[in-house]
file data-v3.txt (compact mmCIF, C-alpha atoms)
# COMPACT_ATOMS: atom_id res chain seq x y z
CA MET J 1331 -7.34 54.09 145.73
CA LEU J 1332 -5.24 51.65 147.59
CA ARG J 1333 -2.43 53.12 149.66
CA LEU J 1334 0.60 50.96 150.04
CA LEU J 1335 2.18 51.16 153.42
CA CYS J 1336 5.91 50.58 153.41
CA PHE J 1337 7.63 49.56 156.61
CA THR J 1338 11.37 50.06 156.93
CA PRO J 1339 12.90 47.49 159.26
CA ALA J 1340 14.83 48.94 162.14
CA LEU J 1341 18.52 48.91 161.50
CA ALA J 1342 20.39 46.72 163.91
CA ILE J 1343 23.20 48.57 165.58
CA ALA J 1344 26.14 46.22 166.02
CA ALA J 1345 27.74 46.44 169.40
CA ALA J 1346 31.41 47.29 169.32
CA PRO J 1347 33.53 44.27 170.26
CA ALA J 1348 34.89 44.36 173.75
CA PRO J 1349 38.62 45.01 173.88
CA ALA J 1350 40.67 41.85 174.24
CA GLN J 1351 41.94 41.33 177.74
CA ALA J 1352 45.26 39.76 178.59
CA PRO J 1353 44.95 36.40 180.32
CA ALA J 1354 45.04 36.67 184.08
CA VAL J 1355 48.41 35.87 185.61
CA PRO J 1356 48.08 33.05 188.16
CA PRO J 1357 49.05 34.23 191.65
CA LEU J 1358 52.10 32.86 193.42
CA SER J 1359 49.76 30.90 195.70
CA ALA J 1360 48.66 28.76 192.74
CA PHE J 1361 52.05 27.04 192.70
CA PHE J 1362 53.78 27.90 196.00
CA GLN J 1363 53.17 28.55 199.64
CA PRO J 1364 55.50 30.27 202.10
CA ALA J 1365 57.94 27.96 203.86
CA ASP J 1366 57.24 27.79 207.58
CA ALA J 1367 59.50 27.02 210.54
CA THR J 1368 58.76 23.28 210.51
CA PRO J 1369 61.22 21.13 208.52
CA LYS J 1370 59.61 19.53 205.49
CA ALA J 1371 59.99 15.96 204.24
CA PRO J 1372 60.18 15.16 200.52
CA ASP J 1373 56.93 14.22 198.82
CA ALA J 1374 55.84 10.60 198.35
CA ASP J 1375 58.18 10.23 195.34
CA GLY J 1376 61.14 11.83 197.08
CA PHE J 1377 61.04 15.21 195.33
CA LEU J 1378 62.44 18.19 197.21
CA GLN J 1379 59.81 20.92 197.38
CA ARG J 1380 61.25 23.49 199.80
CA TRP J 1381 63.61 26.03 198.23
CA LEU J 1382 65.03 29.48 198.53
CA LEU J 1383 64.44 30.99 195.08
CA LEU J 1384 66.08 34.18 193.88
CA GLU J 1385 64.12 36.49 191.62
CA PRO J 1386 65.43 35.98 188.07
CA VAL J 1387 68.73 37.46 186.98
CA THR J 1388 68.42 38.98 183.51
CA LYS J 1389 70.69 37.30 180.95
CA PRO J 1390 69.28 37.79 177.44
CA ASN J 1391 69.44 34.78 175.12
CA ALA J 1392 67.33 34.72 171.96
CA THR J 1393 67.64 30.95 171.64
CA ASN J 1394 68.35 27.98 173.90
CA THR J 1395 70.64 26.36 171.33
CA LEU J 1396 73.49 28.42 172.80
CA PHE J 1397 73.53 26.39 176.00
CA THR J 1398 76.53 24.20 175.30
CA GLY J 1399 78.51 22.83 178.20
CA SER J 1400 81.17 25.53 177.94
CA TYR J 1401 78.59 28.34 177.72
CA VAL J 1402 76.63 27.09 180.73
CA ARG J 1403 79.73 26.49 182.86
CA ASP J 1404 80.86 30.03 182.11
CA ALA J 1405 77.43 31.51 182.93
CA LEU J 1406 76.63 29.39 185.99
CA ASN J 1407 79.42 28.91 188.48
CA GLU J 1408 80.56 29.80 191.96
CA ALA J 1409 81.77 33.23 190.80
CA THR J 1410 78.42 34.17 189.22
CA PHE J 1411 76.40 33.17 192.30
CA PRO J 1412 74.73 36.34 193.65
CA GLY J 1413 76.39 36.51 197.05
CA ARG J 1414 78.76 34.22 198.92
CA PHE J 1415 78.54 30.75 197.42
CA SER J 1416 79.39 29.10 200.73
CA THR J 1417 76.59 30.86 202.63
CA VAL J 1418 72.90 29.93 202.63
CA PRO J 1419 70.88 33.10 201.87
CA ARG J 1420 68.00 34.23 204.08
CA HIS J 1421 64.36 34.69 203.18
CA GLY J 1422 63.87 38.32 202.19
CA GLN J 1423 67.57 38.96 201.69
CA VAL J 1424 68.26 41.36 198.82
CA VAL J 1425 71.24 41.13 196.49
CA ARG J 1426 72.21 43.40 193.60
CA GLN J 1427 72.77 41.67 190.26
CA PRO J 1428 73.03 44.57 189.32
CA GLU J 1429 69.36 45.35 190.03
CA PRO J 1430 68.03 44.52 193.52
CA LEU J 1431 66.74 40.93 193.67
CA ARG J 1432 65.09 39.22 196.63
CA TRP J 1433 65.30 35.64 197.93
CA HIS J 1434 61.99 33.87 198.65
CA ALA J 1435 61.61 30.82 200.93
CA LEU J 1436 58.85 28.74 199.33
CA ASP J 1437 57.32 25.28 199.26
CA SER J 1438 56.31 24.09 195.81
CA LYS J 1439 52.79 22.67 195.75
CA LEU J 1440 53.85 20.35 192.92
CA TRP J 1441 56.62 17.80 192.50
CA ASP J 1442 58.44 20.22 190.19
CA VAL J 1443 59.31 23.86 190.83
CA LYS J 1444 57.60 26.22 188.38
CA LEU J 1445 60.20 28.95 187.90
CA PHE J 1446 58.35 30.62 185.03
CA ASN J 1447 55.24 31.04 187.18
CA PHE J 1448 57.34 32.18 190.15
CA ALA J 1449 58.79 35.02 188.05
CA GLN J 1450 55.54 35.81 186.26
CA SER J 1451 53.54 36.13 189.48
CA LEU J 1452 56.07 38.64 190.84
CA GLY J 1453 56.03 40.70 187.64
CA LYS J 1454 59.63 39.74 186.87
CA PRO J 1455 61.22 38.80 183.52
CA THR J 1456 60.39 35.26 182.40
CA TYR J 1457 62.60 34.93 179.28
CA GLY J 1458 66.35 35.36 178.98
CA VAL J 1459 66.97 34.74 182.67
CA VAL J 1460 68.94 32.77 185.25
CA PHE J 1461 67.26 31.35 188.36
CA TRP J 1462 69.25 30.39 191.47
CA ALA J 1463 67.86 27.91 194.02
CA VAL J 1464 69.19 26.77 197.40
CA THR J 1465 67.95 24.29 199.98
CA VAL J 1466 69.28 22.52 203.05
CA VAL J 1467 68.69 18.78 203.41
CA ASP J 1468 69.10 17.10 206.79
CA SER J 1469 69.92 13.37 206.73
CA PRO J 1470 69.45 11.21 209.86
CA ARG J 1471 72.64 9.28 209.03
CA GLU J 1472 75.44 9.17 206.51
CA GLN J 1473 74.13 7.74 203.25
CA ARG J 1474 76.68 6.56 200.68
CA GLY J 1475 76.16 5.71 197.03
CA VAL J 1476 73.16 7.98 196.53
CA ARG J 1477 72.57 9.92 193.33
CA LEU J 1478 71.13 13.36 192.74
CA ALA J 1479 68.43 13.01 190.07
CA VAL J 1480 67.65 16.25 188.23
CA GLY J 1481 65.43 17.51 185.43
CA SER J 1482 65.37 21.11 184.22
CA ASN J 1483 64.08 23.43 181.52
CA SER J 1484 66.41 24.58 180.11
CA ALA J 1485 70.07 23.99 181.06
CA SER J 1486 71.28 23.91 184.67
CA ARG J 1487 74.12 23.10 187.09
CA TRP J 1488 73.84 21.63 190.60
CA TRP J 1489 76.19 21.45 193.58
CA LEU J 1490 76.06 19.38 196.77
CA ASN J 1491 78.05 20.68 199.75
CA GLY J 1492 80.09 22.96 197.51
CA ARG J 1493 81.04 20.35 194.89
CA GLU J 1494 79.44 20.06 191.48
CA ALA J 1495 77.09 17.08 191.32
CA ALA J 1496 75.25 17.40 187.99
CA GLY J 1497 75.15 19.45 184.80
CA LEU J 1498 72.35 19.56 182.24
CA TYR J 1499 73.32 21.21 178.95
CA ASP J 1500 71.81 22.18 175.59
CA ASP J 1501 68.18 23.03 174.85
CA ARG J 1502 66.05 20.60 176.85
CA ARG J 1503 62.67 20.13 178.40
CA MET J 1504 62.19 19.22 182.02
CA VAL J 1505 62.08 15.42 182.39
CA MET J 1506 62.02 13.58 185.71
CA ASP J 1507 65.44 12.08 186.55
CA ASP J 1508 66.82 13.36 183.25
CA VAL J 1509 70.39 13.34 184.61
CA LEU J 1510 71.77 11.26 187.47
CA SER J 1511 74.90 12.36 189.29
CA ASP J 1512 77.79 10.06 190.04
CA ARG J 1513 77.49 8.28 193.39
CA LEU J 1514 77.51 10.79 196.24
CA THR J 1515 77.56 10.75 200.01
CA LEU J 1516 74.93 12.54 202.06
CA ARG J 1517 76.48 13.60 205.34
CA LYS J 1518 74.74 12.89 208.60
CA GLY J 1519 72.98 16.18 209.38
CA ARG J 1520 73.16 19.24 207.20
CA ASN J 1521 73.70 19.10 203.40
CA VAL J 1522 73.41 22.15 201.12
CA ILE J 1523 72.17 21.97 197.52
CA VAL J 1524 72.70 24.90 195.17
CA GLY J 1525 71.26 24.97 191.66
CA ALA J 1526 71.12 27.40 188.76
CA VAL J 1527 68.77 27.19 185.76
CA ILE J 1528 69.29 29.25 182.59
CA ASN J 1529 66.65 29.78 179.91
CA GLY J 1530 66.00 31.92 176.86
CA PRO J 1531 62.48 31.70 175.42
CA GLY J 1532 59.94 29.26 176.85
CA LEU J 1533 59.01 27.87 180.23
CA SER J 1534 61.42 27.29 183.11
CA ASP J 1535 61.15 24.68 185.85
CA PHE J 1536 63.13 21.93 187.60
CA CYS J 1537 62.74 18.82 189.72
CA VAL J 1538 65.28 17.33 192.14
CA ARG J 1539 65.37 14.24 194.32
CA PHE J 1540 67.86 11.72 195.71
CA VAL J 1541 67.68 8.08 194.68
CA ASP J 1542 69.47 5.05 196.12
CA GLU J 1543 71.58 2.52 194.24
CA ASP J 1544 68.43 0.73 193.10
CA GLY J 1545 66.95 3.95 191.72
CA GLN J 1546 64.39 4.20 194.52
CA PRO J 1547 63.57 7.61 196.01
CA ILE J 1548 65.14 8.52 199.34
CA ARG J 1549 62.48 9.89 201.67
CA ASN J 1550 64.10 9.86 205.13
CA LEU J 1551 65.22 13.48 204.76
CA GLN J 1552 64.09 16.83 206.11
CA MET J 1553 64.38 20.13 204.24
CA ASP J 1554 64.88 23.56 205.68
CA VAL J 1555 66.09 26.88 204.34
CA LYS J 1556 68.30 28.13 207.11
call {"tool": "encode", "arguments": {"input": "data-v3.txt", "output": "structure tokens"}}
result
Amino acid sequence: MLRLLCFTPALAIAAAPAPAQAPAVPPLSAFFQPADATPKAPDADGFLQRWLLLEPVTKPNATNTLFTGSYVRDALNEATFPGRFSTVPRHGQVVRQPEPLRWHALDSKLWDVKLFNFAQSLGKPTYGVVFWAVTVVDSPREQRGVRLAVGSNSASRWWLNGREAAGLYDDRRMVMDDVLSDRLTLRKGRNVIVGAVINGPGLSDFCVRFVDEDGQPIRNLQMDVK
């Protein structure tokens, strides 16, 4: 009598899927390096890369369509600056807005300043925020008829030596030289730039440079943060 041998294939045991991991947050060093004591020139295209950046101030906005001129001027002005508007903050200085926020003296490794990544790398809010930025530009001589060229995501306001130079309103992406100021004068020696960028959802960044009357970048400057 023939005996039939039956073989039962081994059952494959499916491995449980590995839990999804959140993408790694790039470190601050991916986009910035600490500002040192040596004054810094603009990059080859004239962009200003050395800034004092304040950790983001929370200001919830569910949409960027709110950023009309009147809304932005009310939210970003001398009275809402965290500290004394006429004084350049110091690296490491802490202000309360109302939570404690710290100023960071940094050099951007890129031509634009990646505010979203700055906040993200510090574990700070990235949406519904206001970023303040300050730098000091030293000019070897008085330069008349220059323009401040700014791009920002989203809306922003910018001051030179205490006077408003440029405003960027509505929901917008960061575009190089998106807005040009009226003709300005850079003083011989020290000039202070203050900027504020407001954003709801999405990325935040800005770029700033000076251009001459022919639209060419001005490079004979030195930046410091004191």
call {"tool": "residues_around", "arguments": {"input": "data-v3.txt", "residues": "segment 1504-1509 of chain J", "least_positions_apart": "6", "cutoff": "8 Å", "atoms": "all atoms listed in the file", "output": "PDB file with C-alpha atoms, in the frame of the given file"}}
result
ATOM      1  CA  ALA J1479      68.430  13.010 190.070  1.00  0.00           C
ATOM      2  CA  VAL J1480      67.650  16.250 188.230  1.00  0.00           C
ATOM      3  CA  GLY J1481      65.430  17.510 185.430  1.00  0.00           C
ATOM      4  CA  SER J1482      65.370  21.110 184.220  1.00  0.00           C
ATOM      5  CA  ASN J1483      64.080  23.430 181.520  1.00  0.00           C
ATOM      6  CA  SER J1484      66.410  24.580 180.110  1.00  0.00           C
ATOM      7  CA  ALA J1496      75.250  17.400 187.990  1.00  0.00           C
ATOM      8  CA  GLY J1497      75.150  19.450 184.800  1.00  0.00           C
ATOM      9  CA  LEU J1498      72.350  19.560 182.240  1.00  0.00           C
ATOM     10  CA  ASP J1535      61.150  24.680 185.850  1.00  0.00           C
ATOM     11  CA  PHE J1536      63.130  21.930 187.600  1.00  0.00           C
ATOM     12  CA  CYS J1537      62.740  18.820 189.720  1.00  0.00           C
ATOM     13  CA  VAL J1538      65.280  17.330 192.140  1.00  0.00           C
TER      14      VAL J1538
END
call {"tool": "residues_around", "arguments": {"input": "data-v3.txt", "residues": "Arg1432 of chain J", "least_positions_apart": "4", "cutoff": "9 Å", "atoms": "only C-alpha atoms", "output": "short mmCIF file (atom, residue, chain, number, x, y, z; two decimals) with C-alpha atoms, in the coordinates of the input"}}
result
data_model
loop_
_atom_site.label_atom_id
_atom_site.label_comp_id
_atom_site.auth_asym_id
_atom_site.auth_seq_id
_atom_site.Cartn_x
_atom_site.Cartn_y
_atom_site.Cartn_z
CA LEU J 1383 64.44 30.99 195.08
CA LEU J 1384 66.08 34.18 193.88
CA GLU J 1385 64.12 36.49 191.62
CA HIS J 1421 64.36 34.69 203.18
CA GLY J 1422 63.87 38.32 202.19
CA GLN J 1423 67.57 38.96 201.69
CA VAL J 1424 68.26 41.36 198.82
CA VAL J 1425 71.24 41.13 196.49
CA ARG J 1426 72.21 43.40 193.60
#
call {"tool": "residues_around", "arguments": {"input": "data-v3.txt", "residues": "Ala1463 of chain J", "least_positions_apart": "5", "cutoff": "6 Å", "atoms": "only C-alpha atoms", "output": "VMD selection string"}}
result
chain J and resid 1382 to 1383 1524 to 1525
call {"tool": "atom_distance", "arguments": {"input": "data-v3.txt", "atom1": "atom CA of Glu1408 of chain J", "atom2": "atom CA of Leu1478 of chain J"}}
result
19.0 Å
call {"tool": "closest_residue", "arguments": {"input": "data-v3.txt", "among": "J:Asp1404, J:Asp1544, J:Asp1366, J:Glu1429", "to": "Val1387 of chain J", "atoms": "all atoms listed in the file"}}
result
J:Glu1429
call {"tool": "closest_residue", "arguments": {"input": "data-v3.txt", "among": "J:Lys1439, J:Arg1474, J:Arg1420, J:Arg1493", "to": "Asn1407 of chain J", "atoms": "all atoms listed in the file"}}
result
J:Arg1493
call {"tool": "closest_residue", "arguments": {"input": "data-v3.txt", "among": "J:Leu1516, J:Val1460, J:Leu1436, J:Leu1510", "to": "Gly1475 of chain J", "atoms": "all atoms listed in the file"}}
result
J:Leu1516
call {"tool": "closest_residue", "arguments": {"input": "data-v3.txt", "among": "J:Leu1533, J:Val1555, J:Leu1431, J:Ala1409", "to": "Pro1364 of chain J", "atoms": "all atoms listed in the file"}}
result
J:Val1555
